[in-house]
Amino acid sequence: MKHSAREACKRAAAAALFLFCALAHGESRYLVVAANPLAADAGASVLRQGGTAADAAVAVQAMLGLVEPQSSGVGGGAFLLYWSAKDRSLHAYDGRETAPASARRERFLDAQGKPLPIFEAIAGGRSVGVPGAIRMLELAHSRHGRLGWEELFAPAIFSAEEGFAVSPRLHALLSSDRFAPRSATLFYERDGRPKPVGAKLVNRDYGATLRAIAQKGADALYKGRIAEDIVRAVASGAAPGGMTAVDLAAYRAVERSPVCGPYREWRVCSMPPPSSGGIAVLQILALLERTPFPQAAPDSADAAHYFAEAGRLAFRDRARFVGDPDFTTVPTAKLLSPAYLDDWAKGIGARGRRAAPAAQGEVPGTSHFVIVDGEGNVASMTTSIEAPFGSRVFVDGFLLNNELTDFDFAPGGPNEVGPGKRPRSSMAPTIVFDREGNVRLAIGSAGGSFIINYVAKTLVAVLDWRRDLASAIAMPNFGSRGGPVEIELGTRYEPLAAILAERGHEVAIREMESGLHGLERVQAGPAAFWRGGVDPRREGAARGD
């Protein structure tokens with residue numbers, strides 16, 4: 001992102017860093033935190049009408065697909081963690097994309113059998129998985145919604161047809177030759193330049209797509225004209241994907257059992273496979289409990305050392321064991337068992353170990369939002385089309401994902417490409433409960449494989465270092481993805497690099513542009529209130545009453 005655009009995002013987000021919503025006995029209170037103010041407004045309007053967090057999630061996603069098209073939308077997938085307050089039950093909904101039936105393990109190898117360069121693999125239909133977000137939201141709405149499905153799309157349809165202002169982040173990404181979507185002229189002026197910040201952008205095709213989904217349900221996307229358009233778009237260009245109408249019609253969202261584990265006096269719950277996010281976050285926290293981390297001063301080199309070492313081990317397990325649980329056995333219970341973690345923690349010493357090769361930098365097209373409604377139902381949802389503007393393939397007003405590049409390019413292992421498989425993810429929508437079983441906080445992030453460390457960092461800062469959620473989100477990002485210790489560029493953590501290097505670590509200082517959004521329940525005497533946190537690195541907002 002260009003410097004000016006980044007600063008504009010920071011200023012906009014700073015204005016919404018804190019939102020306090022009193023939760024008093026007998027009063028209805030709600031809160032929506034999302035990556036764009038219009039999306040947060042759409043969710044809040046649904047809650048004002050008496051909708052549930054599940055209802056609001058549909059409205060938020062519909063709007064995000066319009067105003068933040070580089071990050072998520074009806075052409076992508078999502079994971080939703082949903083707390084039902086009435087029956088005190090937690091649900092994990094899997095809307096991850098699937099590979100078409102034609103997909104083979106060599107999909108991302110060149111003629112010499114070598115993995116394709118990442119940006120070559122991304123562009124075109126070859127990288128597109130069958131979208132899952134809308135089918136998943138339909139499933140969640142059928143179980144937890146109150147308002148009619150059709151009315152939830154009204155705010156996004158209105159904004160699509162009447163227009164919305166181009167944001168600094170959208171403009172900056174449209175200005176990048178690397179990410180610009182193909183065949184999407186509505187984003188550009190006649191001279192080919194991207195529409196400037198503040199310009200009105202009208203997307204009537206997207207409005208028509210949403211009208212069809214609103215009237216006919218998710219089937220409008222998976223059968224009929226829109227599905228036929230998707231199949232044609234995926235088959236076009238130099239890297240066709242082989243998706244068929246049968247692939248689309250066969251897609252199913254899945255409810256899975258959340259992964260949960262103890263952390264000090266709290267219970268932390270997140271997404272199970274095919275996401276690796278939940279297991280890895282829980283492993284990092286559990287390993288920290290088994291090291292001198294609790295005695296390390298906040299923001300110190302000692303704290304960064306133990307946190308990075310825990311991440312190094314968690315990412316090693318991620319690569320070895322995690323894939324689509326419908327195709328491979330993932331030993332989740334073993335990976336989170338006290339005996340295994342006790343043994344695994346023995347690999348963490350006072351000095352860093354020789355690092356694996358540095359992980360690729362990522363510029364992910366992902367978004368996260370959280371919602372709490374007036375009844376205490378909570379939604380924590382991470383939604384994605386993978387890279388900015390996904391596969392760059394544009395159809396009927398929306399972009400198609402490139403999620404199949406989340407498979408390992410080299411065959412072998414639990415995450416190799418295969419027909420009908422869901423690629424491993426790092427998304428980690430998370431909800432934390434206190435000793436009484438009440439929601440303490442809900443959090444998640446954008447960021448590719450960085451997501452795991454972003455979420456774990458924020459949990460540590462709130463639960464261990466007793467920081468408010470907004471401050472925890474804003475603090476520097478750091479950690480290890482199995483390679484070097486990574487520290488966010490331009491932050492107060494940069495001086496830690498020299499100390500960590502002396503302790504044997506390889507250190508990489510790089511941009512780590514998280515998209516953390518969350519909410520926390522804060523007890524204030526006999527009453528309590530919800531407090532939202534918005535990542536100042538992006539342009540999100542918190543909305544409530």
# chains A, B, ... in the order shown; residues from 1 in each chain; ligands from 1

$ residues_around --residues "Ala461 of chain A" --least-positions-apart "2" --cutoff "10 Å" --atoms "only C-alpha atoms" --output "JSON, numbers by chain"
{"A": [298, 299, 455, 456, 457, 458, 459, 463, 464, 465, 466, 467, 468, 469, 471, 472, 473, 475]}

$ residues_around --residues "segment 239-256 of chain A" --least-positions-apart "4" --cutoff "8 Å" --atoms "only C-alpha atoms" --output "number ranges by chain"
A: 91-96, 98, 100-103, 123-128, 130-132, 135-136, 139, 219, 222-223, 227-228, 231, 234-235, 272

$ atom_distance --atom1 "atom CA of Ile385 of chain A" --atom2 "atom CA of Gly76 of chain A"
4.6 Å

$ atom_distance --atom1 "atom CA of Ala133 of chain A" --atom2 "atom CA of Arg105 of chain A"
24.7 Å

$ atom_distance --atom1 "atom CA of Leu210 of chain A" --atom2 "atom CA of Pro274 of chain A"
28.0 Å

$ select_by_dssp --residues "segment 361-514 of chain A" --states "strand (DSSP E)" --output "JSON, numbers by chain"
{"A": [365, 366, 367, 368, 369, 370, 371, 372, 378, 379, 380, 381, 382, 383, 384, 385, 386, 394, 395, 398, 399, 430, 431, 432, 433, 439, 440, 441, 442, 443, 444, 478, 479, 480, 485, 486, 487, 488, 507, 508, 509, 510]}

$ write_last_selection --atoms "C-alpha atoms" --output "mmCIF file, in the first residue's frame"
data_model
loop_
_atom_site.group_PDB
_atom_site.id
_atom_site.type_symbol
_atom_site.label_atom_id
_atom_site.label_comp_id
_atom_site.auth_asym_id
_atom_site.auth_seq_id
_atom_site.Cartn_x
_atom_site.Cartn_y
_atom_site.Cartn_z
ATOM 1 C CA GLY A 365 -7.156 -10.691 0.530
ATOM 2 C CA THR A 366 -9.023 -11.639 3.700
ATOM 3 C CA SER A 367 -11.313 -9.917 6.181
ATOM 4 C CA HIS A 368 -12.565 -10.564 9.693
ATOM 5 C CA PHE A 369 -15.583 -9.268 11.559
ATOM 6 C CA VAL A 370 -17.219 -9.833 14.938
ATOM 7 C CA ILE A 371 -20.791 -9.258 16.073
ATOM 8 C CA VAL A 372 -22.649 -9.435 19.379
ATOM 9 C CA VAL A 378 -21.685 -13.779 19.158
ATOM 10 C CA ALA A 379 -20.364 -14.288 15.629
ATOM 11 C CA SER A 380 -16.637 -14.357 14.848
ATOM 12 C CA MET A 381 -16.155 -14.825 11.109
ATOM 13 C CA THR A 382 -13.090 -14.806 8.862
ATOM 14 C CA THR A 383 -13.900 -14.514 5.173
ATOM 15 C CA SER A 384 -11.575 -14.575 2.192
ATOM 16 C CA ILE A 385 -10.886 -14.747 -1.518
ATOM 17 C CA GLU A 386 -7.193 -15.366 -0.622
ATOM 18 C CA PHE A 394 -14.336 -11.134 -12.376
ATOM 19 C CA VAL A 395 -17.872 -12.359 -13.047
ATOM 20 C CA PHE A 398 -17.775 -10.089 -8.011
ATOM 21 C CA LEU A 399 -14.319 -11.649 -7.940
ATOM 22 C CA THR A 430 -11.710 -17.296 18.074
ATOM 23 C CA ILE A 431 -13.985 -16.877 21.108
ATOM 24 C CA VAL A 432 -12.673 -16.902 24.683
ATOM 25 C CA PHE A 433 -14.832 -17.824 27.679
ATOM 26 C CA VAL A 439 -17.896 -14.788 26.440
ATOM 27 C CA ARG A 440 -14.787 -12.826 27.446
ATOM 28 C CA LEU A 441 -13.705 -11.807 23.960
ATOM 29 C CA ALA A 442 -14.037 -12.644 20.263
ATOM 30 C CA ILE A 443 -11.216 -12.021 17.810
ATOM 31 C CA GLY A 444 -9.822 -12.924 14.401
ATOM 32 C CA PHE A 478 5.721 -10.575 15.840
ATOM 33 C CA GLY A 479 6.263 -14.328 15.951
ATOM 34 C CA SER A 480 7.546 -17.249 13.917
ATOM 35 C CA VAL A 485 11.470 -14.559 14.112
ATOM 36 C CA GLU A 486 9.443 -11.957 12.247
ATOM 37 C CA ILE A 487 9.028 -8.421 13.619
ATOM 38 C CA GLU A 488 6.753 -5.752 12.216
ATOM 39 C CA VAL A 507 15.332 -12.336 12.490
ATOM 40 C CA ALA A 508 13.350 -10.813 9.633
ATOM 41 C CA ILE A 509 11.867 -7.327 9.871
ATOM 42 C CA ARG A 510 8.964 -6.954 7.455
#

$ residues_around --residues "Phe164 of chain A" --least-positions-apart "3" --cutoff "7 Å" --atoms "only C-alpha atoms" --output "mmCIF file with N, CA and C atoms, in the first residue's frame"
data_model
loop_
_atom_site.group_PDB
_atom_site.id
_atom_site.type_symbol
_atom_site.label_atom_id
_atom_site.label_comp_id
_atom_site.auth_asym_id
_atom_site.auth_seq_id
_atom_site.Cartn_x
_atom_site.Cartn_y
_atom_site.Cartn_z
ATOM 1 N N SER A 159 -26.426 0.078 -1.826
ATOM 2 C CA SER A 159 -25.113 0.690 -2.053
ATOM 3 C C SER A 159 -24.527 0.285 -3.400
ATOM 4 N N LYS A 200 -17.302 7.926 -6.625
ATOM 5 C CA LYS A 200 -18.445 7.017 -6.513
ATOM 6 C C LYS A 200 -18.243 5.815 -7.426
ATOM 7 N N LEU A 201 -18.438 4.640 -6.868
ATOM 8 C CA LEU A 201 -18.330 3.403 -7.633
ATOM 9 C C LEU A 201 -19.684 2.697 -7.582
ATOM 10 N N VAL A 202 -20.262 2.484 -8.743
ATOM 11 C CA VAL A 202 -21.547 1.799 -8.863
ATOM 12 C C VAL A 202 -21.303 0.419 -9.454
#

$ closest_residue --among "A:Lys114, A:His505, A:Arg204, A:Arg146" --to "Val46 of chain A" --atoms "only C-alpha atoms"
A:Arg146

$ closest_residue --among "A:Leu516, A:Ala140, A:Ala62, A:Ala39" --to "Ser445 of chain A" --atoms "only C-alpha atoms"
A:Leu516

$ select_by_dssp --residues "segment 97-277 of chain A" --states "helix (DSSP H, G or I)" --output "PyMOL selection string"
chain A and resi 118-122+125-127+133-144+150-162+168-174+185-187+204-216+219-222+225-235+245-249+277

$ closest_residue --among "A:Gly447, A:Gly412, A:Gly374, A:Gly540" --to "Arg169 of chain A" --atoms "only C-alpha atoms"
A:Gly540

$ residues_around --residues "Leu116 of chain A" --least-positions-apart "2" --cutoff "12 Å" --atoms "only C-alpha atoms" --output "number ranges by chain"
A: 106-114, 118-123, 126-127, 405, 408-410

$ closest_residue --among "A:Gly418, A:Gly532, A:Gly390, A:Pro294" --to "Thr328 of chain A" --atoms "only C-alpha atoms"
A:Gly418

$ residues_around --residues "Ile284 of chain A" --least-positions-apart "4" --cutoff "10 Å" --atoms "only C-alpha atoms" --output "number ranges by chain"
A: 279-280, 288-289, 306-315, 341, 345, 452-453, 456-457

$ residues_around --residues "Leu400 of chain A" --least-positions-apart "6" --cutoff "6 Å" --atoms "only C-alpha atoms" --output "VMD selection string"
chain A and resid 75 390 to 391 393
